[in-house]
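Trainee: My structure is in structure-v1.txt, and what it holds is compact mmCIF, C-alpha atoms:
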```
# COMPACT_ATOMS: atom_id res chain seq x y z
CA MET A 1 15.22 -71.91 -2.68
CA GLN A 2 14.19 -69.29 -0.13
CA ASP A 3 16.00 -66.48 -1.99
CA TYR A 4 14.39 -67.61 -5.23
CA CYS A 5 10.91 -67.43 -3.67
CA ILE A 6 11.56 -63.92 -2.34
CA THR A 7 12.80 -62.59 -5.68
CA LYS A 8 9.87 -64.29 -7.41
CA LEU A 9 7.48 -62.65 -4.97
CA ILE A 10 8.78 -59.13 -5.56
CA GLY A 11 9.03 -59.74 -9.29
CA LEU A 12 12.79 -59.21 -9.76
CA GLU A 13 15.02 -61.79 -11.36
CA ASN A 14 18.75 -62.37 -10.84
CA VAL A 15 18.91 -60.22 -7.71
CA ILE A 16 19.84 -61.08 -4.15
CA VAL A 17 17.61 -59.76 -1.35
CA SER A 18 19.83 -59.05 1.64
CA ASN A 19 17.34 -57.35 3.96
CA ILE A 20 13.77 -56.03 4.20
CA VAL A 21 12.93 -53.13 6.48
CA GLU A 22 9.29 -52.27 7.15
CA THR A 23 8.26 -48.92 8.65
CA ASP A 24 4.88 -47.34 9.34
CA THR A 25 4.89 -45.52 5.98
CA HIS A 26 6.93 -47.57 3.54
CA LEU A 27 8.90 -50.72 2.78
CA GLU A 28 12.62 -50.88 1.97
CA ILE A 29 14.03 -53.90 0.15
CA PHE A 30 17.83 -54.13 0.03
CA ILE A 31 19.02 -55.84 -3.15
CA GLU A 32 22.24 -56.50 -5.05
CA THR A 33 23.39 -58.57 -8.01
CA LYS A 34 26.21 -61.07 -8.50
CA PRO A 35 29.41 -59.74 -10.12
CA CYS A 36 29.83 -60.71 -13.74
CA HIS A 37 31.76 -59.68 -16.85
CA GLN A 38 30.77 -56.28 -18.20
CA SER A 39 31.48 -54.64 -21.56
CA CYS A 40 33.20 -51.28 -21.42
CA PRO A 41 30.95 -48.60 -23.07
CA GLN A 42 34.08 -46.81 -24.35
CA CYS A 43 36.34 -49.49 -25.84
CA GLY A 44 34.08 -52.58 -25.75
CA GLU A 45 36.54 -54.73 -23.77
CA ARG A 46 35.11 -57.05 -21.13
CA THR A 47 36.12 -56.67 -17.51
CA ARG A 48 35.30 -57.96 -13.99
CA SER A 49 37.35 -55.37 -12.14
CA ILE A 50 35.16 -53.67 -9.50
CA HIS A 51 36.01 -50.06 -8.71
CA ASP A 52 33.56 -49.30 -5.86
CA TYR A 53 29.97 -49.58 -4.55
CA ARG A 54 27.27 -47.15 -3.53
CA LEU A 55 23.67 -47.44 -2.32
CA GLN A 56 20.90 -45.95 -4.45
CA LYS A 57 17.29 -45.56 -3.32
CA ILE A 58 14.87 -46.43 -6.12
CA ARG A 59 11.10 -45.98 -6.17
CA ASP A 60 9.18 -49.17 -7.00
CA VAL A 61 5.49 -50.06 -7.33
CA LYS A 62 3.49 -50.62 -4.16
CA PHE A 63 3.87 -53.93 -2.34
CA ARG A 64 1.14 -54.93 0.13
CA GLU A 65 -0.38 -51.46 -0.40
CA MET A 66 2.77 -49.85 0.99
CA TYR A 67 5.09 -47.46 -0.78
CA THR A 68 8.14 -49.53 -1.69
CA TYR A 69 11.77 -48.57 -2.24
CA LEU A 70 14.56 -50.72 -3.57
CA ILE A 71 17.89 -50.01 -1.87
CA LEU A 72 20.24 -51.11 -4.63
CA LYS A 73 23.91 -51.82 -3.91
CA LYS A 74 25.10 -50.32 -7.14
CA ARG A 75 28.37 -51.61 -8.50
CA ARG A 76 30.86 -49.57 -10.56
CA TYR A 77 33.39 -51.33 -12.75
CA LYS A 78 36.79 -50.25 -14.03
CA CYS A 79 37.97 -51.17 -17.51
CA THR A 80 41.44 -52.70 -17.31
CA SER A 81 42.11 -51.71 -20.91
CA CYS A 82 41.23 -48.00 -21.12
CA GLY A 83 40.61 -47.14 -17.46
CA LYS A 84 36.95 -46.12 -18.03
CA ARG A 85 34.75 -46.34 -14.94
CA PHE A 86 31.09 -47.22 -15.50
CA TYR A 87 28.07 -48.50 -13.61
CA GLU A 88 26.50 -51.87 -14.12
CA ARG A 89 23.30 -51.98 -16.21
CA TYR A 90 20.13 -53.41 -14.67
CA PRO A 91 17.13 -54.78 -16.62
CA PHE A 92 14.63 -53.18 -14.21
CA LEU A 93 16.21 -49.71 -14.20
CA GLU A 94 16.89 -47.22 -16.98
CA ARG A 95 19.99 -45.03 -16.94
CA TYR A 96 19.86 -41.90 -14.77
CA GLN A 97 16.47 -42.91 -13.31
CA ARG A 98 15.41 -43.29 -9.70
CA HIS A 99 12.24 -45.23 -10.58
CA THR A 100 11.98 -48.80 -11.82
CA ILE A 101 10.66 -49.52 -15.30
CA ARG A 102 7.51 -51.07 -13.89
CA VAL A 103 6.68 -47.80 -12.11
CA LEU A 104 6.65 -46.17 -15.54
CA GLN A 105 4.53 -49.01 -16.93
CA ALA A 106 2.04 -48.68 -14.06
CA LEU A 107 1.88 -44.91 -14.61
CA LEU A 108 1.12 -45.28 -18.32
CA ILE A 109 -1.69 -47.72 -17.55
CA LYS A 110 -3.25 -45.80 -14.65
CA VAL A 111 -3.15 -42.43 -16.39
CA ARG A 112 -5.63 -43.69 -18.99
CA THR A 113 -8.43 -43.82 -16.42
CA ALA A 114 -7.34 -41.47 -13.62
CA ASN A 115 -6.14 -37.88 -13.41
CA PHE A 116 -2.50 -36.93 -12.93
CA LYS A 117 -2.89 -36.07 -9.25
CA GLU A 118 -4.44 -39.44 -8.38
CA VAL A 119 -1.73 -41.32 -10.29
CA ALA A 120 0.99 -39.34 -8.52
CA LYS A 121 -0.54 -40.15 -5.13
CA GLU A 122 -1.02 -43.82 -5.99
CA LEU A 123 2.58 -44.32 -7.13
CA GLY A 124 4.23 -41.94 -4.69
CA LEU A 125 5.54 -39.65 -7.44
CA GLY A 126 5.55 -35.93 -7.92
CA HIS A 127 2.70 -34.38 -9.87
CA SER A 128 5.10 -32.76 -12.34
CA THR A 129 6.90 -36.10 -12.82
CA VAL A 130 3.67 -37.80 -13.87
CA ILE A 131 2.87 -35.00 -16.33
CA ARG A 132 6.41 -35.05 -17.74
CA TRP A 133 6.31 -38.79 -18.35
CA PHE A 134 2.81 -38.57 -19.82
CA ASP A 135 3.87 -35.84 -22.27
CA ARG A 136 6.91 -37.88 -23.24
CA TYR A 137 5.28 -41.26 -23.90
CA TYR A 138 1.75 -40.36 -25.04
CA THR A 139 1.84 -38.67 -28.44
CA TYR A 140 -0.53 -39.32 -31.32
CA GLU A 141 -0.48 -38.52 -35.02
CA ASN A 142 -3.46 -39.02 -37.30
CA HIS A 143 -2.73 -39.98 -40.92
CA SER A 144 -6.13 -41.10 -42.21
CA LEU A 145 -9.82 -40.24 -42.42
CA PRO A 146 -12.87 -42.54 -42.57
CA GLN A 147 -15.29 -42.82 -45.46
CA ILE A 148 -18.05 -41.45 -43.25
CA LEU A 149 -16.67 -38.53 -41.25
CA ALA A 150 -18.44 -37.15 -38.19
CA ILE A 151 -17.37 -33.81 -36.77
CA ASP A 152 -18.54 -32.01 -33.65
CA GLU A 153 -17.21 -29.51 -31.14
CA PHE A 154 -16.92 -29.54 -27.37
CA LYS A 155 -16.09 -26.88 -24.81
CA GLY A 156 -12.46 -27.47 -23.98
CA THR A 157 -11.33 -24.04 -22.69
CA THR A 158 -7.66 -24.59 -23.48
CA GLU A 159 -5.16 -21.87 -24.39
CA LYS A 160 -6.09 -22.48 -28.06
CA GLY A 161 -9.67 -21.31 -27.66
CA LYS A 162 -13.05 -21.93 -26.06
CA TYR A 163 -14.08 -24.80 -28.34
CA GLN A 164 -12.21 -27.78 -29.73
CA CYS A 165 -13.35 -30.23 -32.42
CA VAL A 166 -13.42 -33.99 -32.37
CA ILE A 167 -13.65 -36.13 -35.51
CA GLY A 168 -14.62 -39.77 -35.71
CA ASP A 169 -16.31 -42.54 -37.62
CA PRO A 170 -20.05 -42.93 -36.78
CA ARG A 171 -20.13 -46.31 -38.53
CA GLY A 172 -17.03 -47.86 -36.96
CA PHE A 173 -17.47 -46.03 -33.61
CA LYS A 174 -13.90 -44.77 -33.62
CA VAL A 175 -12.30 -41.48 -32.59
CA PHE A 176 -9.70 -40.21 -35.03
CA ASP A 177 -8.43 -36.93 -33.61
CA VAL A 178 -9.05 -33.76 -31.62
CA ILE A 179 -8.53 -30.39 -33.36
CA GLN A 180 -7.46 -27.28 -31.46
CA ASP A 181 -10.44 -25.07 -32.43
CA ARG A 182 -13.41 -24.91 -34.79
CA LYS A 183 -12.28 -21.94 -36.90
CA LEU A 184 -12.58 -22.50 -40.63
CA SER A 185 -8.93 -21.59 -41.25
CA THR A 186 -7.73 -24.09 -38.63
CA LEU A 187 -9.94 -26.85 -39.99
CA LYS A 188 -8.73 -26.24 -43.55
CA ASP A 189 -5.08 -26.38 -42.51
CA TYR A 190 -5.70 -29.62 -40.63
CA PHE A 191 -7.60 -31.48 -43.34
CA ARG A 192 -5.24 -30.33 -46.11
CA SER A 193 -2.50 -32.34 -44.38
CA LEU A 194 -4.56 -35.55 -44.69
CA PRO A 195 -5.80 -37.66 -47.64
CA THR A 196 -9.38 -36.41 -48.07
CA HIS A 197 -10.29 -38.49 -51.15
CA ARG A 198 -11.72 -41.32 -48.99
CA VAL A 199 -14.38 -39.12 -47.38
CA GLN A 200 -17.76 -39.74 -48.99
CA MET A 201 -20.15 -38.47 -46.30
CA VAL A 202 -19.84 -35.84 -43.58
CA VAL A 203 -22.15 -35.80 -40.54
CA MET A 204 -22.27 -32.45 -38.73
CA ASP A 205 -24.36 -30.05 -36.73
CA MET A 206 -25.66 -26.79 -38.20
CA TRP A 207 -22.37 -24.88 -37.93
CA GLN A 208 -21.79 -23.06 -41.22
CA PRO A 209 -17.95 -23.41 -41.27
CA TYR A 210 -18.34 -27.22 -41.26
CA LYS A 211 -20.54 -27.02 -44.37
CA ILE A 212 -18.10 -24.71 -46.16
CA LEU A 213 -15.21 -26.97 -45.19
CA ALA A 214 -16.90 -30.09 -46.56
CA GLN A 215 -17.86 -28.40 -49.84
CA GLN A 216 -14.40 -26.95 -50.47
CA LEU A 217 -12.04 -29.70 -49.29
CA PHE A 218 -13.85 -32.97 -49.99
CA GLN A 219 -14.85 -34.36 -53.37
CA ASN A 220 -18.63 -33.84 -53.67
CA PRO A 221 -19.44 -35.30 -50.24
CA ILE A 222 -22.94 -36.12 -49.03
CA ILE A 223 -23.56 -33.76 -46.10
CA ILE A 224 -25.87 -34.99 -43.34
CA VAL A 225 -27.18 -32.81 -40.52
CA ASP A 226 -27.58 -34.56 -37.20
CA LYS A 227 -31.30 -34.87 -36.36
CA PHE A 228 -30.97 -33.59 -32.83
CA HIS A 229 -29.59 -30.25 -33.99
CA TYR A 230 -32.53 -29.35 -36.19
CA ALA A 231 -35.22 -31.02 -34.05
CA ARG A 232 -34.43 -28.68 -31.18
CA HIS A 233 -35.42 -25.68 -33.32
CA ASN A 234 -39.01 -26.82 -32.96
CA PHE A 235 -38.57 -27.01 -29.19
CA TRP A 236 -37.07 -23.51 -29.06
CA ALA A 237 -39.84 -22.00 -31.22
CA LEU A 238 -42.61 -23.52 -29.09
CA GLU A 239 -40.88 -22.31 -25.92
CA ARG A 240 -40.64 -18.75 -27.29
CA VAL A 241 -44.36 -18.75 -28.00
CA ARG A 242 -45.15 -20.13 -24.53
CA LYS A 243 -43.03 -17.50 -22.77
CA ARG A 244 -44.59 -14.68 -24.79
CA VAL A 245 -48.13 -15.89 -24.14
CA GLN A 246 -47.41 -16.57 -20.47
CA LYS A 247 -46.66 -12.91 -19.81
CA SER A 248 -50.23 -11.92 -20.76
CA PHE A 249 -51.89 -14.33 -18.31
CA GLN A 250 -53.10 -13.52 -14.84
CA ASP A 251 -50.86 -14.45 -11.91
CA LYS A 252 -52.61 -17.74 -11.17
CA ASP A 253 -52.47 -19.03 -14.74
CA ARG A 254 -49.04 -17.53 -15.39
CA LYS A 255 -47.41 -19.30 -12.44
CA SER A 256 -49.07 -22.65 -13.10
CA MET A 257 -48.20 -22.44 -16.79
CA LYS A 258 -44.51 -22.92 -15.95
CA LYS A 259 -45.34 -26.56 -15.34
CA LEU A 260 -47.25 -26.70 -18.62
CA ARG A 261 -44.08 -26.69 -20.70
CA PHE A 262 -43.62 -30.40 -19.98
CA LEU A 263 -47.14 -31.15 -21.22
CA LEU A 264 -46.56 -29.18 -24.42
CA HIS A 265 -43.60 -31.34 -25.37
CA LYS A 266 -44.92 -34.63 -24.07
CA PRO A 267 -46.23 -37.00 -26.81
CA LYS A 268 -49.97 -36.51 -27.18
CA GLU A 269 -50.71 -40.24 -26.97
CA LYS A 270 -48.93 -40.49 -23.60
CA LEU A 271 -50.95 -37.77 -21.87
CA THR A 272 -53.24 -38.86 -19.06
CA THR A 273 -56.86 -37.75 -18.95
CA ARG A 274 -56.07 -35.08 -16.37
CA GLU A 275 -53.10 -33.84 -18.40
CA GLN A 276 -55.24 -33.65 -21.56
CA GLU A 277 -57.84 -31.55 -19.76
CA LEU A 278 -55.19 -29.22 -18.34
CA LEU A 279 -53.47 -28.84 -21.71
CA GLN A 280 -56.75 -28.15 -23.49
CA TYR A 281 -57.61 -25.50 -20.90
CA TYR A 282 -54.46 -23.50 -21.61
CA LEU A 283 -54.69 -23.96 -25.37
CA GLU A 284 -58.19 -22.46 -25.28
CA LEU A 285 -56.84 -19.45 -23.35
CA SER A 286 -54.39 -18.52 -26.13
CA PRO A 287 -54.99 -18.94 -29.89
CA ASP A 288 -51.25 -18.43 -30.56
CA LEU A 289 -50.31 -21.21 -28.17
CA LYS A 290 -52.86 -23.48 -29.85
CA LYS A 291 -51.40 -22.70 -33.29
CA ALA A 292 -47.86 -23.38 -32.01
CA TYR A 293 -48.99 -26.71 -30.58
CA GLN A 294 -50.54 -27.65 -33.93
CA VAL A 295 -47.25 -26.83 -35.72
CA LYS A 296 -45.44 -28.94 -33.16
CA GLU A 297 -47.72 -31.90 -33.97
CA VAL A 298 -47.10 -31.45 -37.71
CA PHE A 299 -43.37 -31.39 -37.01
CA LYS A 300 -43.64 -34.57 -34.96
CA LYS A 301 -45.54 -36.27 -37.79
CA TRP A 302 -42.84 -35.20 -40.25
CA MET A 303 -40.08 -36.56 -38.01
CA THR A 304 -41.72 -39.91 -37.23
CA GLN A 305 -43.51 -40.78 -40.47
CA SER A 306 -41.11 -39.50 -43.13
CA ASN A 307 -38.81 -41.63 -45.24
CA GLU A 308 -36.70 -41.06 -48.32
CA ARG A 309 -39.79 -41.13 -50.58
CA ASN A 310 -42.09 -38.70 -48.76
CA VAL A 311 -39.74 -36.58 -46.64
CA ARG A 312 -39.74 -33.64 -49.06
CA LEU A 313 -43.53 -33.62 -49.38
CA ASN A 314 -43.97 -33.79 -45.60
CA LEU A 315 -41.45 -30.99 -45.18
CA GLU A 316 -43.50 -28.79 -47.52
CA GLN A 317 -46.53 -29.49 -45.37
CA LEU A 318 -44.54 -28.35 -42.34
CA TYR A 319 -43.63 -25.11 -44.12
CA GLN A 320 -47.31 -24.61 -44.96
CA ALA A 321 -48.34 -25.17 -41.34
CA ILE A 322 -45.78 -22.58 -40.20
CA ASP A 323 -47.06 -20.04 -42.74
CA GLU A 324 -50.71 -20.65 -41.78
CA SER A 325 -49.90 -20.17 -38.09
CA GLY A 326 -48.56 -16.67 -38.73
CA LEU A 327 -46.23 -16.99 -35.72
CA ASP A 328 -43.02 -14.99 -35.92
CA GLU A 329 -41.26 -17.40 -33.56
CA TYR A 330 -41.38 -20.15 -36.20
CA GLN A 331 -40.06 -18.01 -39.05
CA TYR A 332 -36.44 -18.36 -37.90
CA MET A 333 -36.91 -22.13 -37.79
CA LYS A 334 -38.30 -22.11 -41.35
CA ARG A 335 -35.41 -19.98 -42.68
CA THR A 336 -32.90 -22.31 -41.03
CA PHE A 337 -34.58 -25.37 -42.52
CA LYS A 338 -34.61 -23.75 -45.95
CA SER A 339 -30.89 -23.00 -45.68
CA TRP A 340 -30.07 -26.59 -44.69
CA GLU A 341 -32.89 -28.36 -46.56
CA LYS A 342 -30.76 -30.73 -48.64
CA GLU A 343 -28.64 -31.76 -45.66
CA ILE A 344 -31.75 -32.26 -43.49
CA ILE A 345 -33.40 -34.47 -46.12
CA ASN A 346 -30.17 -36.53 -46.30
CA SER A 347 -30.62 -37.39 -42.61
CA PHE A 348 -33.79 -39.33 -43.57
CA ILE A 349 -32.05 -41.13 -46.42
CA TYR A 350 -28.84 -42.23 -44.66
CA PRO A 351 -28.80 -43.84 -41.19
CA TYR A 352 -25.93 -41.84 -39.71
CA THR A 353 -25.99 -39.35 -36.84
CA ASN A 354 -23.57 -37.65 -34.48
CA GLY A 355 -24.93 -39.62 -31.54
CA TYR A 356 -21.64 -41.47 -31.10
CA LEU A 357 -19.63 -38.22 -31.02
CA GLU A 358 -22.08 -36.68 -28.57
CA GLY A 359 -21.32 -39.61 -26.27
CA ILE A 360 -17.61 -39.02 -26.81
CA ASN A 361 -18.09 -35.35 -25.91
CA ASN A 362 -19.70 -36.41 -22.66
CA LYS A 363 -16.72 -38.65 -21.88
CA ILE A 364 -14.37 -35.76 -22.66
CA LYS A 365 -16.26 -33.59 -20.16
CA VAL A 366 -15.76 -36.32 -17.55
CA ILE A 367 -12.02 -36.43 -18.32
CA LYS A 368 -11.80 -32.65 -17.97
CA ARG A 369 -13.78 -32.67 -14.73
CA MET A 370 -11.63 -35.44 -13.25
CA SER A 371 -8.52 -33.42 -14.10
CA TYR A 372 -10.02 -30.12 -12.87
CA GLY A 373 -9.50 -28.76 -16.38
CA ILE A 374 -6.48 -29.09 -18.68
CA ARG A 375 -5.27 -25.80 -20.14
CA ASN A 376 -2.57 -27.27 -22.39
CA PHE A 377 -4.25 -28.36 -25.64
CA GLN A 378 -1.71 -31.02 -26.64
CA ARG A 379 -1.95 -32.55 -23.17
CA LEU A 380 -5.76 -32.51 -23.32
CA ARG A 381 -5.70 -34.05 -26.81
CA ASN A 382 -3.32 -36.83 -25.76
CA LYS A 383 -5.31 -37.47 -22.57
CA VAL A 384 -8.55 -37.79 -24.52
CA LEU A 385 -7.07 -40.04 -27.19
CA CYS A 386 -5.22 -42.33 -24.77
CA SER A 387 -8.44 -42.76 -22.76
CA LEU A 388 -10.74 -43.38 -25.74
CA ILE A 389 -8.67 -45.18 -28.39
```
Would you mind writing the structure in this file as C-alpha cells?
Mentor:
Amino acid sequence: MQDYCITKLIGLENVIVSNIVETDTHLEIFIETKPCHQSCPQCGERTRSIHDYRLQKIRDVKFREMYTYLILKKRRYKCTSCGKRFYERYPFLERYQRHTIRVLQALLIKVRTANFKEVAKELGLGHSTVIRWFDRYYTYENHSLPQILAIDEFKGTTEKGKYQCVIGDPRGFKVFDVIQDRKLSTLKDYFRSLPTHRVQMVVMDMWQPYKILAQQLFQNPIIIVDKFHYARHNFWALERVRKRVQKSFQDKDRKSMKKLRFLLHKPKEKLTTREQELLQYYLELSPDLKKAYQVKEVFKKWMTQSNERNVRLNLEQLYQAIDESGLDEYQYMKRTFKSWEKEIINSFIYPYTNGYLEGINNKIKVIKRMSYGIRNFQRLRNKVLCSLI
C-alpha cells in the first residue's frame, strides 16, 4: 500500500521506488520495474532472460519545486532464440532519450506562453534542447482561406526581411498564417498555393501591392480599406500645417503652441471654456491654421455622419473644403483618397476593419519582445501560431 501511494504521488505506474535522495539543489528518485516477458525486436520471440543492469539518470518534471531526476535501474534482456540483446521499453520514456515524456509535454505547454530561455530554466533543460524540440513538434500548414480575408504587416526583422504579413478572419477572429514578407511576388506565390475562390472581401491598409494582389488573384473581391489607415492622413495634414505655421510665430507663442496640437485634434464639443479661448486665440493668429481646422471639422463630420447612402456626397464636400482651403498639405491627402476612393467608400458600407489584426500585431510584438527577437522566420511563425491559435 505504501509503495502504491508513493508511485501514485510521483505519477508513475508499475514502478518500484527503492530510494529517494534529497539534496540542496535537486531530488533523486531511484526506481525499477518488475521483470516480465519481453518480445525480441529482431525475431519476435518472447523471453525473460536478463543479460545485465545499468543505472540511467533521467530528467523529470519538478517535484515540490525542486529539479527531479529519476535514477532508473535499466534492465537489458537476452533473446534465447537469436541471441539479440535489447533494453526494456518503458511507457514514460522514449528510446534514446534522457528526459521523460511528461517533460516534453510540459515543454510544449509552457512554450506557448513563455520564451525558450524561461522554459529551459523552468524545466532544467538546455536552451538549444528546448528550441530543437519546439522546431520538431510545432509545425503548421495552412490549407484554407476565409470568405472575408484581412491582411496586415508587422515588423518582424527576421532573415527573410524587415516586414512580415499576417492574414486572418476579421469576422471569425481567427489567425490563419504568417507570411515571410510583404513583397508582391511572395504574396502571389503564397496565395496561388491555396484555394482563393472562397475569398469574397479583402480588408487591408493602403499598401498598393495588397490591392494589386486582390485584383489579380481573387475573383472580383470587394476591397475594404481599414478606417484607421486613411483617417490618419487628416491628422498628418493638420500637423504639417501646424508645424509650418508654428515656425513663423514669436518665441512665446511658438513654444506654447507645441501644447496646442492636442487641442487641435480634441473633439470640439469636449473642449473646456479655457481650451476654447486658447484655441480661438491661435486660430486668429494664423489664417492657414484656421482653414486647416475647418477642413478637419469637415472630415470629422464625414467620418461620423456618413453612411452607405450619403458617404459619396459627403466625400465630395470634403474635397471641396480642401480645394477652398488652398493648403498644399491637404493635396496629398486628397490625391490618396481619390486613388482609393472606391475602397474607402466600401468601409462605410461593410462593417469590417483590421482592428482584430492590429491587436494580433501587438501580441506578436509582445512575443518578440519576450524572446528578445527571433531571427529564424519559421521559428517566429510557429511561435506566433502556437501562441495565438
Trainee: Which residue is closest to Lys121 (chain A)? Choose from A:Lys155, A:Ile360, A:Met66, A:Phe92 and count only C-alpha atoms.
Mentor: A:Met66
Trainee: List the neighbours of region 138-141 of chain A out to 10 Å using only C-alpha atoms; skip same-chain residues closer than 6 positions along the sequence, and give me the result as a count of residues only.
Mentor: 10
Trainee: To one decimal place in Å, what is the distance between CA of Ser347 (chain A) and CA of Val225 (chain A)?
Mentor: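 So the two atoms, CA of Ser347 (chain A) and CA of Val225 (chain A), lie 6.1 Å apart.
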Trainee: Go ahead and compute the interatomic distance for CA of His229 (chain A) and CA of Asn307 (chain A), in Å to one decimal.
Mentor: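 CA of Asn307 (chain A) lies at a distance of 18.5 Å from CA of His229 (chain A).
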Trainee: I'd like to know which of A:Gln305, A:Leu238, A:Trp207, A:Tyr356 is closest to Phe262 (chain A), using all atoms listed in the file.
Mentor: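 Going through A:Gln305, A:Leu238, A:Trp207, A:Tyr356 one by one, the smallest distance to Phe262 (chain A) is for A:Leu238.
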Trainee: How many Å lie between CA of Ile179 (chain A) and CA of Arg112 (chain A), rounded to one decimal?
Mentor: 19.8 Å
Trainee: Compile the contact shell of Asp52 (chain A) as a VMD selection string: residues with an atom at most 10 Å away, counting all atoms listed in the file, same-chain residues fewer than 6 positions apart removed.
Mentor: chain A and resid 74 to 78 85 87
Trainee: Fewer than 3 positions away in the same chain doesn't count, so skip those; otherwise give me all residues within 10 Å of region 20-30 of chain A, counting all atoms listed in the file, as a list of chain:residue names.
Mentor: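 Counting only the stated atoms, we get A:Ile10, A:Val15, A:Ile16, A:Val17, A:Leu55, A:Gln56, A:Lys57, A:Ile58, A:Arg59, A:Asp60, A:Lys62, A:Phe63, A:Arg64, A:Glu65, A:Met66, A:Tyr67, A:Thr68, A:Tyr69, A:Leu70, A:Ile71, A:Leu72, A:Lys73.
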Trainee: What's the 10 Å shell around Gln147 (chain A), counting all atoms listed in the file, without same-chain residues fewer than 3 positions away, as JSON, numbers by chain?
Mentor: {"A": [144, 150, 169, 170, 171, 196, 197, 198, 199, 200, 201, 202, 221]}
Trainee: Rank A:Glu118, A:Lys291, A:Ile349, A:Leu279 by their smallest atom-to-atom distance to Val311 (chain A), using all atoms listed in the file, and report the top residue only.
Mentor: A:Ile349
Trainee: Set the distance at 7 Å and use all atoms listed in the file: which residues neighbour Asp152 (chain A) once local chain neighbours fewer than 3 positions away are removed? I'd like the list as a compact mmCIF listing (two decimals) with C-alpha atoms, in the coordinates of the input.
Mentor:
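And here is the file that came out, result.txt:
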```
# COMPACT_ATOMS: atom_id res chain seq x y z
CA CYS A 165 -13.35 -30.23 -32.42
CA VAL A 166 -13.42 -33.99 -32.37
CA ILE A 167 -13.65 -36.13 -35.51
CA MET A 204 -22.27 -32.45 -38.73
CA ASP A 205 -24.36 -30.05 -36.73
CA LEU A 357 -19.63 -38.22 -31.02
```
Trainee: When you count all atoms listed in the file, which of these residues is closest to Asn354 (chain A): A:Asp226, A:Glu297, A:Asp135, A:Asp328?
Mentor: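 Closest residue, counting all atoms listed in the file: A:Asp226.
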Trainee: Kindly provide, as AutoDock Vina command-line options, the centre and edge lengths (Å, one decimal) of an axis-aligned box around all atoms of region 201-211 of chain A given in the file, with 3 Å on each side.
Mentor:
```
--center_x -21.8 --center_y -30.8 --center_z -41.5 --size_x 13.7 --size_y 21.4 --size_z 15.6
```
